[in-house]
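Engineer: My structure file start05.pdb, PDB, C-alpha atoms, is below:
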MODEL        1
ATOM      1  CA  MET Q 239      64.313   2.935 127.024
ATOM      2  CA  LEU Q 240      61.803   0.107 127.044
ATOM      3  CA  ASP Q 241      59.150  -0.066 129.740
ATOM      4  CA  ARG Q 242      58.458  -3.268 131.677
ATOM      5  CA  ASP Q 243      55.731  -4.515 129.296
ATOM      6  CA  GLU Q 244      57.906  -3.874 126.234
ATOM      7  CA  LEU Q 245      60.815  -5.690 127.840
ATOM      8  CA  SER Q 246      58.757  -8.822 128.426
ATOM      9  CA  ALA Q 247      57.490  -8.790 124.825
ATOM     10  CA  ARG Q 248      60.758  -7.995 123.060
ATOM     11  CA  THR Q 249      62.348 -10.278 120.465
ATOM     12  CA  LEU Q 250      65.979 -11.151 121.136
ATOM     13  CA  PRO Q 251      68.459 -11.138 118.235
ATOM     14  CA  PHE Q 252      70.002 -14.634 118.237
ATOM     15  CA  MET Q 253      73.497 -15.427 116.958
ATOM     16  CA  THR Q 254      73.995 -17.714 113.993
ATOM     17  CA  LEU Q 255      76.859 -20.168 114.280
ATOM     18  CA  SER Q 256      78.570 -21.716 111.279
ATOM     19  CA  ASP Q 257      78.214 -25.432 110.583
ATOM     20  CA  GLY Q 258      81.864 -25.670 109.535
ATOM     21  CA  SER Q 259      81.029 -27.522 106.320
ATOM     22  CA  GLN Q 260      83.050 -27.228 103.131
ATOM     23  CA  ALA Q 261      80.333 -24.932 101.791
ATOM     24  CA  SER Q 262      80.607 -22.587 104.780
ATOM     25  CA  LEU Q 263      82.980 -19.688 105.345
ATOM     26  CA  THR Q 264      84.588 -21.533 108.260
ATOM     27  CA  ALA Q 265      85.718 -24.643 106.401
ATOM     28  CA  PRO Q 266      89.288 -25.874 107.017
ATOM     29  CA  PRO Q 267      91.898 -24.411 104.669
ATOM     30  CA  PRO Q 268      92.575 -26.489 101.582
ATOM     31  CA  PRO Q 269      95.606 -28.787 101.660
ATOM     32  CA  MET Q 270      98.858 -27.206 100.652
ATOM     33  CA  PRO Q 271      99.869 -27.916  97.042
ATOM     34  CA  HIS Q 272     101.655 -31.257  96.885
ATOM     35  CA  TYR Q 273     104.423 -29.869  94.724
ATOM     36  CA  LEU Q 274     105.701 -27.490  97.398
ATOM     37  CA  LYS Q 275     108.936 -28.514  99.037
ATOM     38  CA  ALA Q 276     109.623 -28.023 102.749
ATOM     39  CA  GLU Q 277     110.725 -24.412 102.333
ATOM     40  CA  GLY Q 278     107.668 -23.579 100.252
ATOM     41  CA  ARG Q 279     105.348 -25.190 102.792
ATOM     42  CA  ALA Q 280     106.959 -23.233 105.597
ATOM     43  CA  LEU Q 281     106.490 -19.980 103.706
ATOM     44  CA  ALA Q 282     102.899 -20.825 102.782
ATOM     45  CA  ARG Q 283     102.027 -21.704 106.370
ATOM     46  CA  PHE Q 284     102.736 -18.160 107.508
ATOM     47  CA  GLY Q 285     101.739 -16.395 104.310
ATOM     48  CA  VAL Q 286      99.415 -13.405 104.655
ATOM     49  CA  GLU Q 287      96.878 -13.217 101.847
ATOM     50  CA  GLY Q 288      94.803 -10.179 100.960
ATOM     51  CA  ASN Q 289      94.802  -6.554 102.024
ATOM     52  CA  VAL Q 290      95.510  -5.155 105.483
ATOM     53  CA  VAL Q 291      94.227  -2.084 107.328
ATOM     54  CA  ILE Q 292      96.102  -0.946 110.431
ATOM     55  CA  THR Q 293      94.683   1.712 112.740
ATOM     56  CA  GLY Q 294      97.285   3.705 114.595
ATOM     57  CA  GLY Q 295      99.337   2.619 111.618
ATOM     58  CA  ALA Q 296     101.761   5.536 111.662
ATOM     59  CA  GLY Q 297     102.877   4.724 115.197
ATOM     60  CA  THR Q 298     105.949   2.694 116.044
ATOM     61  CA  LEU Q 299     104.153  -0.603 116.652
ATOM     62  CA  GLY Q 300     101.759  -0.132 113.733
ATOM     63  CA  LEU Q 301     104.573   0.520 111.255
ATOM     64  CA  SER Q 302     106.543  -2.450 112.515
ATOM     65  CA  ALA Q 303     103.536  -4.764 112.175
ATOM     66  CA  ALA Q 304     102.810  -3.395 108.696
ATOM     67  CA  ARG Q 305     106.339  -4.194 107.563
ATOM     68  CA  ALA Q 306     106.104  -7.770 108.881
ATOM     69  CA  LEU Q 307     102.712  -8.391 107.256
ATOM     70  CA  LEU Q 308     104.013  -7.087 103.935
ATOM     71  CA  GLU Q 309     107.120  -9.266 104.232
ATOM     72  CA  HIS Q 310     104.811 -12.263 104.602
ATOM     73  CA  GLY Q 311     102.865 -11.464 101.460
ATOM     74  CA  ALA Q 312     100.109  -8.965 102.188
ATOM     75  CA  ALA Q 313      98.763  -7.741  98.849
ATOM     76  CA  GLY Q 314      98.188  -4.177 100.008
ATOM     77  CA  CYS Q 315      98.343  -2.123 103.182
ATOM     78  CA  CYS Q 316      96.545   1.001 104.335
ATOM     79  CA  LEU Q 317      97.633   2.848 107.461
ATOM     80  CA  TRP Q 318      94.931   4.750 109.338
ATOM     81  CA  ASP Q 319      95.912   7.459 111.780
ATOM     82  CA  LEU Q 320      95.195  11.028 112.777
ATOM     83  CA  GLU Q 321      96.221  13.599 110.188
ATOM     84  CA  SER Q 322      98.731  15.169 112.597
ATOM     85  CA  THR Q 323     100.391  11.805 113.242
ATOM     86  CA  LEU Q 324     100.537  10.980 109.549
ATOM     87  CA  ARG Q 325     102.284  14.302 108.921
ATOM     88  CA  SER Q 326     104.876  13.742 111.654
ATOM     89  CA  SER Q 327     105.481  10.152 110.476
ATOM     90  CA  GLN Q 328     105.440  10.924 106.752
ATOM     91  CA  ALA Q 329     109.082   9.957 106.228
ATOM     92  CA  GLU Q 330     108.562   6.545 107.871
ATOM     93  CA  VAL Q 331     105.414   5.879 105.836
ATOM     94  CA  ILE Q 332     107.210   6.794 102.600
ATOM     95  CA  LYS Q 333     110.144   4.560 103.539
ATOM     96  CA  LEU Q 334     107.774   1.645 104.153
ATOM     97  CA  ALA Q 335     106.165   2.130 100.746
ATOM     98  CA  GLN Q 336     109.576   2.284  99.065
ATOM     99  CA  GLU Q 337     110.567  -1.035 100.639
ATOM    100  CA  PHE Q 338     107.662  -2.752  98.860
ATOM    101  CA  PRO Q 339     107.462  -1.134  95.403
ATOM    102  CA  ARG Q 340     105.243  -3.895  93.957
ATOM    103  CA  VAL Q 341     102.608  -3.453  96.683
ATOM    104  CA  ARG Q 342     100.291  -0.524  97.244
ATOM    105  CA  VAL Q 343     101.069   1.017 100.633
ATOM    106  CA  PHE Q 344      99.262   4.213 101.516
ATOM    107  CA  SER Q 345      97.706   6.116 104.406
ATOM    108  CA  VAL Q 346      94.312   7.633 105.147
ATOM    109  CA  ALA Q 347      93.525  10.145 107.885
ATOM    110  CA  VAL Q 348      90.884   8.532 110.109
ATOM    111  CA  ASP Q 349      89.613   9.461 113.557
ATOM    112  CA  VAL Q 350      88.576   6.070 114.939
ATOM    113  CA  THR Q 351      85.993   7.658 117.244
ATOM    114  CA  ASP Q 352      84.057   9.071 114.267
ATOM    115  CA  ALA Q 353      81.832   6.415 112.672
ATOM    116  CA  THR Q 354      81.435   8.476 109.489
ATOM    117  CA  ALA Q 355      85.195   8.904 109.116
ATOM    118  CA  VAL Q 356      85.711   5.181 109.696
ATOM    119  CA  ALA Q 357      83.131   4.289 107.020
ATOM    120  CA  GLU Q 358      84.801   6.695 104.606
ATOM    121  CA  GLY Q 359      88.159   5.099 105.436
ATOM    122  CA  VAL Q 360      86.797   1.665 104.510
ATOM    123  CA  GLN Q 361      85.423   3.057 101.261
ATOM    124  CA  ALA Q 362      88.806   4.626 100.425
ATOM    125  CA  VAL Q 363      90.598   1.311 100.987
ATOM    126  CA  VAL Q 364      88.119  -0.652  98.876
ATOM    127  CA  GLN Q 365      88.323   1.896  96.074
ATOM    128  CA  THR Q 366      92.116   1.603  96.039
ATOM    129  CA  LEU Q 367      92.731  -2.062  96.869
ATOM    130  CA  GLY Q 368      89.412  -3.682  95.972
ATOM    131  CA  SER Q 369      88.828  -5.501  99.261
ATOM    132  CA  ILE Q 370      89.799  -5.786 102.927
ATOM    133  CA  GLU Q 371      90.859  -9.096 104.468
ATOM    134  CA  HIS Q 372      92.616  -8.105 107.680
ATOM    135  CA  LEU Q 373      92.234  -5.361 110.284
ATOM    136  CA  PHE Q 374      94.684  -4.591 113.080
ATOM    137  CA  CYS Q 375      93.582  -2.032 115.672
ATOM    138  CA  PHE Q 376      96.592  -0.322 117.230
ATOM    139  CA  ALA Q 377      95.019   3.112 117.735
ATOM    140  CA  GLY Q 378      94.874   3.970 121.412
ATOM    141  CA  ILE Q 379      95.759   6.465 124.107
ATOM    142  CA  VAL Q 380      97.102   6.181 127.645
ATOM    143  CA  GLY Q 381      96.107   8.428 130.532
ATOM    144  CA  CYS Q 382      97.646   8.155 133.996
ATOM    145  CA  VAL Q 383      95.435   9.991 136.474
ATOM    146  CA  HIS Q 384      94.434   9.147 140.031
ATOM    147  CA  ALA Q 385      90.838   7.941 140.078
ATOM    148  CA  LEU Q 386      89.832  10.590 142.638
ATOM    149  CA  ASP Q 387      91.182  13.327 140.377
ATOM    150  CA  MET Q 388      89.943  12.028 137.015
ATOM    151  CA  THR Q 389      87.441  14.160 135.142
ATOM    152  CA  GLU Q 390      84.464  12.803 133.284
ATOM    153  CA  ALA Q 391      86.024  14.015 130.022
ATOM    154  CA  GLN Q 392      89.272  12.146 130.689
ATOM    155  CA  TRP Q 393      87.395   8.934 131.478
ATOM    156  CA  ARG Q 394      85.151   9.164 128.427
ATOM    157  CA  LYS Q 395      87.963  10.029 126.002
ATOM    158  CA  THR Q 396      90.058   7.012 127.000
ATOM    159  CA  LEU Q 397      87.174   4.584 126.556
ATOM    160  CA  ASP Q 398      85.989   6.380 123.408
ATOM    161  CA  VAL Q 399      89.334   5.989 121.629
ATOM    162  CA  ASN Q 400      90.459   2.614 122.956
ATOM    163  CA  THR Q 401      87.221   0.645 123.191
ATOM    164  CA  THR Q 402      84.538   2.384 121.159
ATOM    165  CA  GLY Q 403      87.046   3.257 118.435
ATOM    166  CA  SER Q 404      88.091  -0.383 118.135
ATOM    167  CA  PHE Q 405      84.459  -1.464 117.893
ATOM    168  CA  LEU Q 406      83.604   1.090 115.208
ATOM    169  CA  CYS Q 407      86.573   0.025 113.066
ATOM    170  CA  ALA Q 408      85.862  -3.671 113.553
ATOM    171  CA  GLN Q 409      82.182  -3.193 112.724
ATOM    172  CA  ALA Q 410      82.882  -1.214 109.550
ATOM    173  CA  VAL Q 411      85.432  -3.734 108.290
ATOM    174  CA  ALA Q 412      83.205  -6.687 109.209
ATOM    175  CA  ARG Q 413      80.363  -5.174 107.190
ATOM    176  CA  GLN Q 414      82.697  -4.896 104.206
ATOM    177  CA  VAL Q 415      83.963  -8.464 104.623
ATOM    178  CA  LYS Q 416      80.388  -9.761 104.855
ATOM    179  CA  ALA Q 417      79.531  -7.911 101.645
ATOM    180  CA  GLN Q 418      82.570  -9.472  99.933
ATOM    181  CA  GLY Q 419      81.274 -12.901 100.882
ATOM    182  CA  THR Q 420      84.653 -14.580 100.579
ATOM    183  CA  GLY Q 421      85.574 -15.182 104.216
ATOM    184  CA  GLY Q 422      89.166 -15.846 105.211
ATOM    185  CA  ALA Q 423      89.298 -12.576 107.127
ATOM    186  CA  SER Q 424      90.776 -11.635 110.476
ATOM    187  CA  ILE Q 425      90.343  -8.787 112.916
ATOM    188  CA  THR Q 426      92.972  -8.340 115.605
ATOM    189  CA  LEU Q 427      92.319  -5.912 118.442
ATOM    190  CA  THR Q 428      94.966  -4.552 120.793
ATOM    191  CA  ALA Q 429      94.171  -5.261 124.419
ATOM    192  CA  SER Q 430      96.870  -5.155 127.112
ATOM    193  CA  ILE Q 431      98.118  -6.800 130.245
ATOM    194  CA  SER Q 432      96.288  -3.835 131.776
ATOM    195  CA  GLY Q 433      93.056  -5.633 130.931
ATOM    196  CA  HIS Q 434      94.164  -8.622 133.025
ATOM    197  CA  ARG Q 435      95.452  -6.944 136.173
ATOM    198  CA  VAL Q 436      96.089  -3.597 137.874
ATOM    199  CA  ASN Q 437      99.441  -2.311 136.707
ATOM    200  CA  TYR Q 438     101.931  -0.837 139.146
ATOM    201  CA  PRO Q 439     103.029   1.814 140.070
ATOM    202  CA  GLN Q 440     101.052   4.220 137.862
ATOM    203  CA  ALA Q 441      97.346   4.976 138.373
ATOM    204  CA  GLN Q 442      95.441   4.415 135.105
ATOM    205  CA  VAL Q 443      91.950   3.159 135.870
ATOM    206  CA  ALA Q 444      90.342   4.335 132.618
ATOM    207  CA  TYR Q 445      93.013   2.671 130.494
ATOM    208  CA  ASN Q 446      92.717  -0.594 132.418
ATOM    209  CA  VAL Q 447      88.943  -0.633 132.008
ATOM    210  CA  SER Q 448      89.199   0.228 128.304
ATOM    211  CA  LYS Q 449      91.506  -2.737 127.693
ATOM    212  CA  ALA Q 450      89.420  -5.154 129.771
ATOM    213  CA  GLY Q 451      86.582  -4.070 127.501
ATOM    214  CA  ILE Q 452      88.632  -5.024 124.448
ATOM    215  CA  ILE Q 453      89.123  -8.553 125.796
ATOM    216  CA  ALA Q 454      85.355  -8.936 126.235
ATOM    217  CA  LEU Q 455      84.725  -7.301 122.855
ATOM    218  CA  LYS Q 456      86.878  -9.745 120.891
ATOM    219  CA  SER Q 457      85.085 -12.719 122.465
ATOM    220  CA  SER Q 458      81.646 -11.393 121.581
ATOM    221  CA  LEU Q 459      82.625 -10.458 118.033
ATOM    222  CA  ALA Q 460      84.377 -13.806 117.525
ATOM    223  CA  ALA Q 461      81.162 -15.571 118.444
ATOM    224  CA  GLU Q 462      78.954 -13.424 116.211
ATOM    225  CA  TRP Q 463      81.135 -13.037 113.146
ATOM    226  CA  ALA Q 464      82.692 -16.459 112.610
ATOM    227  CA  VAL Q 465      79.713 -17.367 110.417
ATOM    228  CA  HIS Q 466      80.866 -14.622 108.027
ATOM    229  CA  GLY Q 467      84.367 -16.092 107.817
ATOM    230  CA  ILE Q 468      85.855 -13.520 110.198
ATOM    231  CA  ARG Q 469      88.163 -14.546 113.016
ATOM    232  CA  VAL Q 470      88.428 -12.007 115.851
ATOM    233  CA  ASN Q 471      91.284 -12.126 118.334
ATOM    234  CA  SER Q 472      93.251  -9.740 120.510
ATOM    235  CA  ILE Q 473      96.859  -9.259 121.516
ATOM    236  CA  SER Q 474      97.687  -8.213 125.068
ATOM    237  CA  PRO Q 475     101.154  -6.660 124.999
ATOM    238  CA  GLY Q 476     103.189  -5.987 128.072
ATOM    239  CA  TYR Q 477     105.133  -2.759 128.410
ATOM    240  CA  MET Q 478     106.754  -1.981 125.064
ATOM    241  CA  ASP Q 479     109.901   0.103 124.719
ATOM    242  CA  THR Q 480     108.527   2.869 122.506
ATOM    243  CA  ILE Q 481     108.486   6.671 122.614
ATOM    244  CA  LEU Q 482     105.287   6.486 124.677
ATOM    245  CA  ASN Q 483     107.293   5.040 127.578
ATOM    246  CA  ALA Q 484     110.452   7.105 127.106
ATOM    247  CA  GLY Q 485     111.705   9.992 129.229
ATOM    248  CA  GLU Q 486     113.242  10.891 132.557
ATOM    249  CA  GLY Q 487     111.793  11.571 135.997
ATOM    250  CA  SER Q 488     108.831   9.517 137.173
ATOM    251  CA  ILE Q 489     108.530   7.667 133.857
ATOM    252  CA  SER Q 490     112.107   6.437 134.283
ATOM    253  CA  GLU Q 491     111.268   5.238 137.791
ATOM    254  CA  ALA Q 492     108.194   3.459 136.426
ATOM    255  CA  ARG Q 493     110.245   1.804 133.670
ATOM    256  CA  ASN Q 494     112.597   0.381 136.286
ATOM    257  CA  SER Q 495     109.635  -0.932 138.248
ATOM    258  CA  TRP Q 496     108.100  -2.571 135.168
ATOM    259  CA  ALA Q 497     111.391  -4.283 134.292
ATOM    260  CA  ASN Q 498     112.106  -5.399 137.847
ATOM    261  CA  ARG Q 499     108.650  -7.000 138.153
ATOM    262  CA  ASN Q 500     109.041  -8.931 134.885
ATOM    263  CA  PRO Q 501     110.575 -12.446 134.874
ATOM    264  CA  MET Q 502     112.590 -11.488 131.794
ATOM    265  CA  GLY Q 503     113.804  -8.281 133.432
ATOM    266  CA  ARG Q 504     112.962  -5.949 130.570
ATOM    267  CA  MET Q 505     110.303  -4.291 128.445
ATOM    268  CA  GLY Q 506     109.301  -5.586 125.034
ATOM    269  CA  ALA Q 507     111.281  -4.405 122.037
ATOM    270  CA  VAL Q 508     109.711  -3.016 118.894
ATOM    271  CA  GLY Q 509     109.127  -5.982 116.601
ATOM    272  CA  GLU Q 510     108.306  -8.507 119.316
ATOM    273  CA  LEU Q 511     104.594  -8.286 118.524
ATOM    274  CA  ASP Q 512     105.114  -8.775 114.791
ATOM    275  CA  GLY Q 513     105.251 -12.552 114.829
ATOM    276  CA  MET Q 514     101.927 -12.749 116.630
ATOM    277  CA  CYS Q 515     100.372 -10.382 114.080
ATOM    278  CA  VAL Q 516     101.598 -12.599 111.243
ATOM    279  CA  LEU Q 517     100.338 -15.732 112.990
ATOM    280  CA  LEU Q 518      96.838 -14.341 113.498
ATOM    281  CA  ALA Q 519      96.541 -13.182 109.876
ATOM    282  CA  SER Q 520      98.007 -16.296 108.268
ATOM    283  CA  ARG Q 521      97.059 -19.868 107.549
ATOM    284  CA  ALA Q 522      98.920 -20.845 110.728
ATOM    285  CA  GLY Q 523      96.209 -19.083 112.722
ATOM    286  CA  SER Q 524      93.221 -20.372 110.758
ATOM    287  CA  TYR Q 525      91.639 -22.058 113.807
ATOM    288  CA  ILE Q 526      92.459 -19.309 116.313
ATOM    289  CA  ASN Q 527      89.285 -17.382 117.101
ATOM    290  CA  GLY Q 528      88.198 -15.543 120.240
ATOM    291  CA  ALA Q 529      91.675 -15.782 121.770
ATOM    292  CA  ASP Q 530      93.653 -13.185 123.675
ATOM    293  CA  MET Q 531      97.355 -13.667 123.039
ATOM    294  CA  VAL Q 532      99.456 -12.331 125.910
ATOM    295  CA  VAL Q 533     102.919 -11.147 124.814
ATOM    296  CA  ASP Q 534     104.518  -9.738 127.954
ATOM    297  CA  GLY Q 535     107.659 -11.616 128.914
ATOM    298  CA  GLY Q 536     105.759 -13.266 131.738
ATOM    299  CA  ALA Q 537     104.701 -10.054 133.501
ATOM    300  CA  ILE Q 538     101.234 -11.314 134.484
ATOM    301  CA  ALA Q 539     102.575 -14.620 135.797
ATOM    302  CA  PHE Q 540     102.518 -13.067 139.266
TER     303      PHE Q 540
ENDMDL
END
Could you render the structure as structure tokens?
Structural biologist:
Amino acid sequence: MLDRDELSARTLPFMTLSDGSQASLTAPPPPMPHYLKAEGRALARFGVEGNVVITGGAGTLGLSAARALLEHGAAGCCLWDLESTLRSSQAEVIKLAQEFPRVRVFSVAVDVTDATAVAEGVQAVVQTLGSIEHLFCFAGIVGCVHALDMTEAQWRKTLDVNTTGSFLCAQAVARQVKAQGTGGASITLTASISGHRVNYPQAQVAYNVSKAGIIALKSSLAAEWAVHGIRVNSISPGYMDTILNAGEGSISEARNSWANRNPMGRMGAVGELDGMCVLLASRAGSYINGADMVVDGGAIAF
């Protein structure tokens, strides 16, 4: 903690913005090869180049995104998740790898709240694939507790996993990308419609705050890291129809409420985030930086 005299004498760390020149890491992409026909240009526009790391990668949404990114040309893919989740999802991870026999697809056990584990995860990916070009942060937890009843531990854990964990992963990957010096990288964080409004009917203050923090985080990182050729964006999904929202009782009542308050009358299906992931990692998204892409069927329209 700085005292008053130290505060007045401190030196502020200033951001460096890119000049966007051809010599910079933020130059426009080169023209597409003239010999490509319409189909080839369409494929190239949404082609994903380089290697991908996905946190929460053994979960339903992470695996679906991984498959889409590999279909669009990702050179390699590493799934980060807790060891217990990787064990329970082993069959799905193996199936994904078998679908892309010419590409290295593998998993690493990483606790995103542990900076040392995250750094070791980056090192493992670089040792295997040689570089990292894209990071997708899907790791997260949900906790529905009334604010008056919430414990300090519950509050801290939600923010530690969702917000701090995303920052630690983004920071570690950004350091690696800067060291590579090649640019053309993207980091996509997972925010939520919960960062834009108070969801109903469940009480989930810590989750809402953690996701609002993600939206602010991507803007700050986008401003700081563009000079290194790193675009930082976030996706704000609406309610997705996964195992996390399955069940009977009060969760079934909540599901009906979520659908009834959505203009499209339903939750999102697995796979409906994949196109946005491809866009943000591809040439088609080369000028998208600092954006939060809401994919919710119109839920936050009112």
Engineer: Name the residues, using the chain letters and numbers of the file, that sit within 12 Å of (90.6, 11.9, 135.6) when counting all atoms listed in the file, and give them as number ranges by chain.
Structural biologist: Q: 380-396, 441-445
Engineer: Could you please take those selected residues and save C-alpha atoms as a compact mmCIF listing (two decimals), keeping the file's coordinate frame?
Structural biologist:
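Printed below is result02.txt as written:
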# COMPACT_ATOMS: atom_id res chain seq x y z
CA VAL Q 380 97.10 6.18 127.64
CA GLY Q 381 96.11 8.43 130.53
CA CYS Q 382 97.65 8.15 134.00
CA VAL Q 383 95.44 9.99 136.47
CA HIS Q 384 94.43 9.15 140.03
CA ALA Q 385 90.84 7.94 140.08
CA LEU Q 386 89.83 10.59 142.64
CA ASP Q 387 91.18 13.33 140.38
CA MET Q 388 89.94 12.03 137.01
CA THR Q 389 87.44 14.16 135.14
CA GLU Q 390 84.46 12.80 133.28
CA ALA Q 391 86.02 14.02 130.02
CA GLN Q 392 89.27 12.15 130.69
CA TRP Q 393 87.40 8.93 131.48
CA ARG Q 394 85.15 9.16 128.43
CA LYS Q 395 87.96 10.03 126.00
CA THR Q 396 90.06 7.01 127.00
CA ALA Q 441 97.35 4.98 138.37
CA GLN Q 442 95.44 4.42 135.10
CA VAL Q 443 91.95 3.16 135.87
CA ALA Q 444 90.34 4.34 132.62
CA TYR Q 445 93.01 2.67 130.49
Engineer: Excluding Pro267 (chain Q) and its own-chain neighbours fewer than 5 positions away, which residues fall within 10 Å of it when counting only C-alpha atoms? Please give them as a PyMOL selection string.
Structural biologist: chain Q and resi 260+422+521-522+524-525
Engineer: Please evaluate the PyMOL selection byres ((chain Q and resi 295) around 7) against the structure above and give the resulting residues as a PyMOL selection string.
Structural biologist: chain Q and resi 292-294+296-297+300-301+317-319+376
Engineer: Could you list the residues chosen by the PyMOL selection byres ((chain Q and resi 482) around 12) in this structure as a PyMOL selection string?
Structural biologist: chain Q and resi 297-299+378-381+477-481+483-485+489-490+493+508
Engineer: Mind pulling up the distance from CA of His310 (chain Q) to CA of Val356 (chain Q)?
Structural biologist: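 Spanning CA of Val356 (chain Q) to CA of His310 (chain Q) is a straight-line distance of 26.4 Å.
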Engineer: Of the residues Q:Gln409, Q:Ser345, Q:Ser495, Q:Ser520, which is the one nearest to Lys456 (chain Q), using all atoms listed in the file?
Structural biologist: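 When distances to Lys456 (chain Q) are compared using all atoms listed in the file, the smallest one comes from Q:Gln409.
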Engineer: In terms of the shortest atom-to-atom distance over all atoms listed in the file, which of Q:Arg325, Q:His372, Q:His272, Q:His466 is closest to Ile425 (chain Q)?
Structural biologist: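 Nearest candidate to Ile425 (chain Q) out of Q:Arg325, Q:His372, Q:His272, Q:His466: Q:His372.
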Engineer: Pick out the residues sitting within 6 Å of Asn527 (chain Q), and hand them over as a list in words; count only C-alpha atoms, and ignore anything fewer than 3 positions along from it in its own chain.
Structural biologist: Arg469, Val470 and Asn471 of chain Q
Engineer: Of the candidates Q:Cys315, Q:Leu281, Q:Val350, Q:Leu263, which one gets nearest to Leu406 (chain Q) if we count only C-alpha atoms?
Structural biologist: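 Counting only C-alpha atoms, the residue closest to Leu406 (chain Q) is Q:Val350.
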Engineer: Running the PyMOL selection byres ((chain Q and resi 412) around 9) on this model by hand, what would come out? Give it as a list in words.
Structural biologist: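 This file gives the following for the PyMOL selection byres ((chain Q and resi 412) around 9): Cys407, Ala408, Gln409, Ala410, Val411, Arg413, Gln414, Val415, Lys416, Ala417, Ala423, Ile425, Trp463, His466 and Ile468 of chain Q.
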Engineer: Could you work out how far CA of Thr351 (chain Q) lies from CA of Asp512 (chain Q), giving the answer in Å with one decimal?
Structural biologist: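 Taking CA of Asp512 (chain Q) as the start and CA of Thr351 (chain Q) as the end point, the length is 25.3 Å.
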